[in-house]
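Written below as structure tokens is the structure these notes are about.
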Amino acid sequence: MTEVLESRAEKRRARAMRRFDNPWWNPKLFWGAGLLLGIVAVGLWGRVFWDLELVFTGSVPLKLPPVGFENLRGQAGDWATPLGTDGAGRDMLSLIVIGAPNSLYVGLLASLIGMSVGIVLGFTAGFVGGRTDDVIRVLSDVMITIPPLLILVVFQAAYGDVSLTAMALLIACFVWQSPTRLIRAQVLSMREAGYVQMARLSGASTGHIMFREMLPNLVPYLFGSFIANVTTSIVTAVGLEVLGLGPQRIPTLGRTIYEAINAGALIQNLWWWWGIPTVLLAVIFIGLLLINLGLDEVSNPRLRRLS
Amino acid sequence: MTALTRLTASALAIAVGLTAAHAQDVAREDTVIFDLDRTIKDPENFNWFTPGTKRMHGAHQTMWEPLFILNYSTGELEPWLGTAIEANADFTEWTLTLRDGIEWSDGEAFNADDVVFTVEMALGSEELSSREAATVRAQVASVTQVDDLTVTFALNEANPRFAVENFGVRIFGSFLIMPEHVWASEDAATFAFNPPIGTGPYTFTSATTSRAIWDRNDAWWGAKSGFMELPAPARVVFLETGGEESRAQLIAANQLDAAQNVTVGTFEAVQAQNPAVIAWHDGYPYAAADPCARQLEINTTVAPWDDPAMRRAVAQIIDRTQIVNVAYEGTTIPSRTMFADYGSMAPFIDAVMEAGAGLPASADVGAAKALIEGAGWTMGGDGIYQKDGAALEVAIHVNSASTEYTRTIDVVVEQLNRAGIAARSVPVENGVFWGEILPFGAYEMSYSWLSCGSVNEPWSSMGRYTVADVVPVGERSPGFNNTARWDSEGAAAYSDLVAQMAALAPTDPALPGLTAEAHSLLTEEAPFIPLVQAAKLLPFNTTYWTGWPTAENDYNHPFFWWNHTHQIIHSLEKAGG
Amino acid sequence: MGRIPAQYLTNRLVTLGLTVWIAATLIWIIPRLSPIDPADVMLARMAAGGGTVANSEEILAALRDRFGLNDPLFLQYLKYLWNTVTFDFGLSTASFPTPVSALIAQALPWTLGLMLLSLVITFVIGNLLGALMVWEESPNLVKIAIPAAMVFTSIPPILSGLLLMWVFAAELRWFPLTGAYGLMVEPGWTWAFATSVLHHGFLPALSIVIVTFGFWALGMRGLMITVQGEDYVTLAKAKGLRPRYILYRYMIRNAILPQITAFALKIGLLIAGQVLVERIFAYNGMGKLLYDAILDQDFPVIQGIAFVIILMTAVSVFLVDLIYPLIDPRIRHEATP
């Protein structure tokens, strides 16, 4: 018995060593990236093989269920619209082929911009301090207190509609402050840490301290924060879309849910109308979560040893 | 910080402030619960002269009674607080007779003093800006009391429709009479009128932002004087429900007796769960028609749509039945004329149809193509008409506030494209649409319901497209009239006919003929194209109450947020006893 | 430690003032970039109700005057600033002539109650779960169950609200469908009213909690990983302190600091985010008010709400900045770099 246990432990250790050798070969990372690529793949596949004309109002019969189901009126699903149709006669498959990658796109773009701005400003504020800190902090305080909703409402009132990229840019205006503030708080905490004090005493330059001493220690947090920001951006975008704001003519997952709710899809048992976009959003979020968990293990050997 | 504290403190005080005495418990089967689709923004204010939603939470359905109520199926003006209203020969002076024995709920007598006082109040202050007050101010020159029950109105100019426009609940409300003994010492522009009193069979019990409660006044004058029996419900509640899904759940669970508009799919689902829920029609189209029929507005100053033949071609292409089936899921009917299809409009609609001046029953794309080709366009290889290298294009502006609007235009766009016109829909936000696009003529075509107005005579709608209201593009159309800027020989002839109609009483035998003649000019020149009737699908619950207005029991229309709801409440009977 | 230097306090106070001023200015400018004229909107509302509007030019002129739209821009701005400082946001255009401050005063207590309750619950649950995800001693079940629960984060709050309403209100009838309190309950300091409010508030609060706790958990997780590698944790372990003690006293206590900043910041976002939840439950708080105002283009109300939200957030951030040195002894407030 003990021998068996020992050999099992040995195997595990060996596996751990192998993983240790190649930290990027991480199943969580792999699966997370896989899910997100899957969304992209659905988008690509659909654009090549599916008739996207079906995304227009009235192009197919209304409220058809997915194949294998029946709706309240007793109509059965049809292979012409395998995932069913919505209440305005649009094909659900076409909607998600176009809508799902859109949500990912908005999230990635907004958070990429927001995060880059946040890192630069957060480090600068926390490390340089003084006037610079004040200016950056006031800026982020001001921006963080303005509800994005208001900006988008006014934007829509002024221009009638926004494009996906415009929405991503607008959201980016509201996701840089959080990383800025949080990174600043971390830097404030960290600059009192032993190794930074040491570097300072030994006369290292500000740049050296910031990027050689402190940045590596912030990496796990930065990665996590980036992915969290993608999530926040998507949630913000979806929140706006679900309010009926955001792009009016471009299919998005949030807008599909908005339309389903407004048309009373729950009581009519049209579960595919709101359920499919919700499941896709869940897939996107789970993918992001897994990447987040995986990245942590890649960058933090201690965690890997734990698992 | 102190200011914030003060704000918070006052907020708390208002939120939990002890509004009136505690409501007595009334059994559910004695209570009728109506749906309210808006928050009661200011539950402490009962001054209906200032705009806002201070009436539809029960105030003008249970507490304030109108003088007359227009019956949408017969066109009759039914007496209520008034017994008669008659004009002199040239419609410049009207004499109103009030019912005897009316009392305010505080016991004071209601009489001509109150009428004269209220009208003079509206005449005297520009700040009383609700639609009804503004209309009275625009029309009435002076008001005189003849005796306790008789009042005469001298008008600024002849108006054969004075009674129905002001005192007959024509659309939504009517000019409501206020008690002189309460208002006399107050500033009408700022008075909150709380606690409110009225002449109706219910008195105000309490209101918060989400609901208002009205309890029956068993000493109501109407029962004492033999005008009517006391209504059956002991309590009337107006409850804010919050969206289609919530109101569907509430009515299915019998927590609501009358719900606001829902889609047909929702209605079917509710009916499947609760068979006691009914609507205006037993089957399709279920819904009742709203007074504002839908139309496609065309800017007649923009080429190529300045050519009546091109506009007529568009009218020929549009398939109304498809709009009904796809955009409305069968809940409405195609328009036959520009008018709302009520029984009270039947004489005029019939006259138009008999004269062949109505809309064609079905689309005729062949005839449309002939018209377009006649205007010098040729079909291009991509299926779109072309002239001098330019494609035949049109942008249709549509208010994005409701999917009803956008879906209708999506269908129209599809139909136009198939016929060779490169149409596209331009959804714009509600405020931009009403504030910038429509009144200033900043569109080629747009979706609207601006011929709205007529419910018992043809002039109110037809009078909105005369040449008198034409202004250049970029200037505001007065009162949203003739936003199409229709100004041609035909329009001038039409305006002359409409001017003749303006001077005739709704019952004048010459009116239907003139209507048909004027409508044929509209059909010929098509400054706008009527599409379909507007539909309102209002679920009523018969679990506790029966006697709801329906197509079979058509004592009046079912819009229970209007002033005529007194009739509905009086008609309700307890289910099962 | 524990004493706040005067200069730091002044700095933060100036920042607070600047924040409020700049934000107030922004929310004034933005609606003016839009082509919409509030007087137009009111007139359009009357026209959309059906029929032509008599005396439209006269009404329009009166309205413009009433809204002060005829004044020069700079004067309008100064008036606005003064009014804002005194919590006078003007009159609502949609429910004219009700003052905006009265509308906000009616809605504020409901929002504060519902939102703060759900925010506190979410904060506690979220951070605890986030910490447990990283903690070595957590049972494996927890480590698997928590990421699974994060799936809820993907649901927009309106949908979670509708689903909860469907299951617990419509099907099971455990909770009421809509409203902030019972149909026949009169508001007041009574037991019946209090229980009614709690009963009605449960589902709206829950629908917010289940979709937001994931954020806190994720954020906490990242922070905990950072903290885990710190020397003082290693030291504490070496000293043989109980793991639970280390978790609370060493790890969570240090990791939670940035989360507290986030907590203050979340207040503003939450109100904007809970708009639809309030709408479907017909819960008359600020979110519902904002939603109605958006539909009606009621800019005075939008501005008023935005300002109150901004003020609340700015004040909470200010307070967090003040207590930061008290809870994190590692920070030294330097006046100059």
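Identifiers for the structure tokens are assigned positionally: chains receive A, B, ... in sequence, residues are indexed from 1 per chain, and ligands are indexed from 1 in the order shown.
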Chain B near chain A within 8 Å: what's each residue's closest atom pair and its distance in Å to one decimal, counting only C-alpha atoms, ordered by chain then ascending residue number, as a Markdown table?
```
| residue | atom | partner | partner_atom | distance |
| --- | --- | --- | --- | --- |
| B:Gly243 | CA | A:Asn262 | CA | 7.4 |
| B:Glu244 | CA | A:Gly264 | CA | 5.9 |
| B:Glu245 | CA | A:Gly264 | CA | 4.9 |
| B:Ala248 | CA | A:Ile267 | CA | 7.4 |
| B:Gln249 | CA | A:Ile267 | CA | 7.4 |
| B:Thr263 | CA | A:Ala263 | CA | 6.6 |
| B:Gly265 | CA | A:Gln268 | CA | 6.3 |
| B:Thr266 | CA | A:Gln268 | CA | 5.6 |
| B:Glu268 | CA | A:Gln268 | CA | 7.8 |
| B:Ala269 | CA | A:Gln268 | CA | 5.2 |
| B:Val270 | CA | A:Ile267 | CA | 7.4 |
| B:Val326 | CA | A:Gly58 | CA | 6.4 |
| B:Ala327 | CA | A:Ala88 | CA | 7.5 |
| B:Arg407 | CA | A:Thr57 | CA | 7.0 |
| B:Asp410 | CA | A:Thr57 | CA | 6.5 |
| B:Val411 | CA | A:Gly58 | CA | 7.1 |
| B:Pro427 | CA | A:Gly160 | CA | 7.3 |
| B:Val428 | CA | A:Gly160 | CA | 4.9 |
| B:Glu429 | CA | A:Gly160 | CA | 5.4 |
| B:Gly431 | CA | A:Ala157 | CA | 7.2 |
| B:Val432 | CA | A:Ala157 | CA | 6.6 |
```
- May I have the residues within 9 Å of Gly294 of chain A as a PyMOL selection string, using only C-alpha atoms and disregarding those fewer than 3 positions away in the same chain? chain A and resi 24+26-30+32+289-291+297-299
Pull N, CA and C atoms from the residues just selected and write them as an mmCIF file, in the first residue's frame.
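Okay, out.cif is ready:
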```
data_model
loop_
_atom_site.group_PDB
_atom_site.id
_atom_site.type_symbol
_atom_site.label_atom_id
_atom_site.label_comp_id
_atom_site.auth_asym_id
_atom_site.auth_seq_id
_atom_site.Cartn_x
_atom_site.Cartn_y
_atom_site.Cartn_z
ATOM 1 N N TRP A 24 3.398 27.318 -19.537
ATOM 2 C CA TRP A 24 2.314 27.740 -20.419
ATOM 3 C C TRP A 24 1.430 26.579 -20.822
ATOM 4 N N ASN A 26 -0.848 24.879 -19.630
ATOM 5 C CA ASN A 26 -1.735 24.910 -18.469
ATOM 6 C C ASN A 26 -3.154 24.639 -18.923
ATOM 7 N N PRO A 27 -3.771 23.609 -18.384
ATOM 8 C CA PRO A 27 -5.102 23.228 -18.891
ATOM 9 C C PRO A 27 -6.143 24.333 -18.758
ATOM 10 N N LYS A 28 -6.084 25.113 -17.670
ATOM 11 C CA LYS A 28 -7.093 26.162 -17.511
ATOM 12 C C LYS A 28 -6.954 27.209 -18.600
ATOM 13 N N LEU A 29 -5.711 27.599 -18.823
ATOM 14 C CA LEU A 29 -5.427 28.579 -19.867
ATOM 15 C C LEU A 29 -5.901 28.051 -21.203
ATOM 16 N N PHE A 30 -5.580 26.793 -21.423
ATOM 17 C CA PHE A 30 -5.910 26.127 -22.670
ATOM 18 C C PHE A 30 -7.426 26.127 -22.899
ATOM 19 N N GLY A 32 -9.746 27.942 -21.373
ATOM 20 C CA GLY A 32 -10.291 29.300 -21.436
ATOM 21 C C GLY A 32 -10.106 29.908 -22.812
ATOM 22 N N LEU A 289 -12.733 33.659 -17.192
ATOM 23 C CA LEU A 289 -12.406 33.238 -15.835
ATOM 24 C C LEU A 289 -11.305 32.192 -15.852
ATOM 25 N N LEU A 290 -11.429 31.209 -16.748
ATOM 26 C CA LEU A 290 -10.426 30.154 -16.819
ATOM 27 C C LEU A 290 -9.068 30.728 -17.214
ATOM 28 N N ILE A 291 -9.070 31.645 -18.162
ATOM 29 C CA ILE A 291 -7.802 32.277 -18.548
ATOM 30 C C ILE A 291 -7.189 32.981 -17.348
ATOM 31 N N GLU A 297 -1.686 30.804 -12.431
ATOM 32 C CA GLU A 297 -0.814 29.660 -12.170
ATOM 33 C C GLU A 297 0.480 29.769 -12.947
ATOM 34 N N VAL A 298 0.379 30.327 -14.173
ATOM 35 C CA VAL A 298 1.588 30.497 -14.971
ATOM 36 C C VAL A 298 2.564 31.424 -14.265
ATOM 37 N N SER A 299 2.020 32.533 -13.761
ATOM 38 C CA SER A 299 2.914 33.561 -13.233
ATOM 39 C C SER A 299 3.234 33.362 -11.757
#
```
- Using only C-alpha atoms, determine which residues lie at most 7 Å from segment 168-176 of chain B, disregarding the query and same-chain residues fewer than 5 positions distant; provide the list as a list of chain:residue names.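 These residues fall inside the cut-off: B:Trp64, B:Pro66, B:Leu67, B:Phe68, B:Ile69, B:Leu70, B:Leu77, B:Glu132, B:Ala133, B:Ala163, B:Trp562, B:Asn563, B:His564.
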Residues as selected, N, CA and C atoms, written as an mmCIF file, in the first residue's frame, can you do that?
```
data_model
loop_
_atom_site.group_PDB
_atom_site.id
_atom_site.type_symbol
_atom_site.label_atom_id
_atom_site.label_comp_id
_atom_site.auth_asym_id
_atom_site.auth_seq_id
_atom_site.Cartn_x
_atom_site.Cartn_y
_atom_site.Cartn_z
ATOM 1 N N TRP B 64 -62.914 62.928 -10.840
ATOM 2 C CA TRP B 64 -63.396 64.067 -11.614
ATOM 3 C C TRP B 64 -64.197 63.556 -12.791
ATOM 4 N N PRO B 66 -66.416 64.146 -16.377
ATOM 5 C CA PRO B 66 -66.493 65.053 -17.515
ATOM 6 C C PRO B 66 -67.932 65.558 -17.690
ATOM 7 N N LEU B 67 -68.107 66.577 -18.512
ATOM 8 C CA LEU B 67 -69.451 67.079 -18.777
ATOM 9 C C LEU B 67 -70.203 66.137 -19.712
ATOM 10 N N PHE B 68 -69.469 65.644 -20.725
ATOM 11 C CA PHE B 68 -70.071 64.699 -21.685
ATOM 12 C C PHE B 68 -69.040 63.626 -21.999
ATOM 13 N N ILE B 69 -69.531 62.508 -22.552
ATOM 14 C CA ILE B 69 -68.604 61.465 -22.977
ATOM 15 C C ILE B 69 -68.957 61.054 -24.402
ATOM 16 N N LEU B 70 -67.966 61.150 -25.272
ATOM 17 C CA LEU B 70 -68.180 60.759 -26.662
ATOM 18 C C LEU B 70 -68.205 59.235 -26.767
ATOM 19 N N LEU B 77 -72.661 62.209 -28.307
ATOM 20 C CA LEU B 77 -72.086 62.832 -27.131
ATOM 21 C C LEU B 77 -73.022 62.510 -25.973
ATOM 22 N N GLU B 132 -55.811 70.728 -22.503
ATOM 23 C CA GLU B 132 -57.220 71.118 -22.429
ATOM 24 C C GLU B 132 -57.359 72.592 -22.061
ATOM 25 N N ALA B 133 -56.534 73.060 -21.120
ATOM 26 C CA ALA B 133 -56.603 74.461 -20.727
ATOM 27 C C ALA B 133 -56.187 75.350 -21.891
ATOM 28 N N ALA B 163 -68.014 71.575 -28.528
ATOM 29 C CA ALA B 163 -68.433 70.747 -27.396
ATOM 30 C C ALA B 163 -67.558 69.507 -27.271
ATOM 31 N N TRP B 562 -58.331 56.826 -19.851
ATOM 32 C CA TRP B 562 -59.017 58.026 -20.320
ATOM 33 C C TRP B 562 -60.120 58.420 -19.344
ATOM 34 N N ASN B 563 -60.597 59.624 -19.554
ATOM 35 C CA ASN B 563 -61.614 60.235 -18.704
ATOM 36 C C ASN B 563 -62.962 59.498 -18.760
ATOM 37 N N HIS B 564 -63.191 58.704 -19.804
ATOM 38 C CA HIS B 564 -64.491 58.035 -19.946
ATOM 39 C C HIS B 564 -64.575 56.764 -19.090
#
```
- Select, from C:Tyr245, C:Trp174, C:Phe168, C:Tyr283, the residue with the minimum atom-to-atom distance to chain B, counting only C-alpha atoms.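 Under the stated criterion, the closest residue is C:Tyr283.
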- Contacts of Arg47 of chain A at 12 Å or less, counting only C-alpha atoms, minus same-chain residues fewer than 2 places along, as a ChimeraX atom specification? /A:40-45,49-55,93-99,101
- Task: Please run DSSP on the backbone and report, as a ChimeraX atom specification, all residues within segment 135-276 of chain A that come out as helix (DSSP H, G or I).
- Result: /A:135-144,148-159,164-175,177-190,194-201,206-242,253-262,271-276
- Task: Just the residues within 9 Å of segment 472-474 of chain B, please, counting only C-alpha atoms, with nothing from its chain fewer than 5 positions along; format it as a PyMOL selection string.
- Result: chain B and resi 301+439-442+485
Name the residues in contact with Gln322 of chain B at a cut-off of 10 Å, using only C-alpha atoms, excluding same-chain residues fewer than 5 positions from it; report them as a short mmCIF file (atom, residue, chain, number, x, y, z; two decimals) with C-alpha atoms, in the first residue's frame.
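What landed in result-v4.cif:
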```cif
data_model
loop_
_atom_site.label_atom_id
_atom_site.label_comp_id
_atom_site.auth_asym_id
_atom_site.auth_seq_id
_atom_site.Cartn_x
_atom_site.Cartn_y
_atom_site.Cartn_z
CA ALA B 327 -45.08 43.80 -37.97
CA TYR B 328 -48.27 43.44 -35.94
CA GLU B 329 -48.61 39.65 -35.87
CA GLY B 330 -52.20 40.01 -37.00
CA PRO B 334 -55.11 47.63 -42.81
CA SER B 362 -54.04 45.27 -52.12
CA ALA B 363 -50.66 46.27 -53.51
CA THR B 408 -43.32 48.40 -39.63
CA VAL B 411 -41.35 45.68 -43.70
CA VAL B 412 -41.94 48.78 -45.83
CA GLN B 415 -41.26 45.92 -49.97
#
```
- Query: Excluding same-chain residues fewer than 4 positions from segment 272-281 of chain C, what lies within 10 Å of it counting only C-alpha atoms, as a ChimeraX atom specification?
  - Reply: /A:146-150,235-236,239-240,242-243,261 /B:240-247 /C:110-111,114-115,156-162,165,176-180,200-201,203-205,207-208,266-268,285-292,305-306,309
Atoms kept (C-alpha atoms) for selection, written as a compact mmCIF listing (two decimals), in the first residue's frame:
```txt
# COMPACT_ATOMS: atom_id res chain seq x y z
CA ILE A 146 -19.76 59.93 -13.94
CA PRO A 147 -22.25 57.20 -14.76
CA PRO A 148 -21.44 55.83 -18.25
CA LEU A 149 -25.13 55.51 -18.82
CA LEU A 150 -25.56 59.28 -18.88
CA VAL A 235 -20.84 43.57 -18.65
CA THR A 236 -21.02 47.35 -19.15
CA GLY A 239 -25.85 46.44 -19.54
CA LEU A 240 -26.20 49.31 -21.98
CA VAL A 242 -30.02 45.50 -22.32
CA LEU A 243 -31.28 49.02 -21.59
CA ILE A 261 -37.53 40.92 -22.39
CA GLU B 240 -47.75 50.69 -11.51
CA THR B 241 -46.63 47.33 -12.88
CA GLY B 242 -43.31 47.90 -14.63
CA GLY B 243 -43.16 46.44 -18.10
CA GLU B 244 -44.84 43.80 -20.19
CA GLU B 245 -43.44 40.76 -18.40
CA SER B 246 -44.47 42.02 -14.95
CA ARG B 247 -47.97 43.02 -15.96
CA TRP C 110 -35.55 53.31 -1.65
CA THR C 111 -32.39 53.18 -3.65
CA LEU C 114 -32.06 48.37 -1.55
CA MET C 115 -28.71 49.12 -3.12
CA PRO C 156 -27.44 40.68 -16.93
CA PRO C 157 -29.21 41.77 -13.71
CA ILE C 158 -32.49 42.29 -15.52
CA LEU C 159 -32.53 38.67 -16.58
CA SER C 160 -31.66 37.36 -13.15
CA GLY C 161 -34.46 39.57 -11.85
CA LEU C 162 -36.94 38.20 -14.34
CA MET C 165 -39.55 36.75 -10.45
CA PRO C 176 -44.65 39.40 -4.41
CA LEU C 177 -44.30 40.17 -8.10
CA THR C 178 -43.77 43.91 -8.04
CA GLY C 179 -43.67 46.99 -5.90
CA ALA C 180 -41.58 48.15 -2.98
CA HIS C 200 -40.75 43.01 -1.42
CA GLY C 201 -37.09 43.95 -1.41
CA LEU C 203 -36.02 39.42 -4.86
CA PRO C 204 -34.67 42.69 -6.28
CA ALA C 205 -31.75 42.56 -3.83
CA SER C 207 -31.07 39.49 -8.32
CA ILE C 208 -28.38 42.09 -7.82
CA LYS C 266 -19.11 50.94 -6.87
CA ILE C 267 -21.88 52.93 -5.26
CA GLY C 268 -22.27 55.21 -8.23
CA GLY C 285 -35.90 54.18 -6.62
CA MET C 286 -33.38 56.35 -8.43
CA GLY C 287 -32.74 53.69 -11.07
CA LYS C 288 -36.37 53.65 -12.08
CA LEU C 289 -36.44 57.42 -12.05
CA LEU C 290 -33.36 57.52 -14.27
CA TYR C 291 -34.84 54.97 -16.66
CA ASP C 292 -38.03 57.00 -17.02
CA ILE C 305 -29.62 62.11 -10.52
CA ALA C 306 -26.15 62.19 -12.02
CA ILE C 309 -24.75 59.91 -7.65
```
- Per-residue DSSP, segment 509-575 of chain B, filtered to strand (DSSP E or B), as a list in words: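 Listing strand (DSSP E or B) positions across segment 509-575 of chain B yields Phe528, Ile529, Pro530, Val532, Ala534, Ala535, Lys536, Phe540, Asn541, Trp545, Thr546, Glu573 and Lys574 of chain B.
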- Item | Point-to-point distance from atom CA of Ala194 of chain C to atom CA of Gly182 of chain C, Å rounded to tenths | 10.2 Å
- Message: One number please: atom CA of Asp307 of chain B to atom CA of Ala526 of chain B, in Å, one decimal.
- Response: 9.8 Å
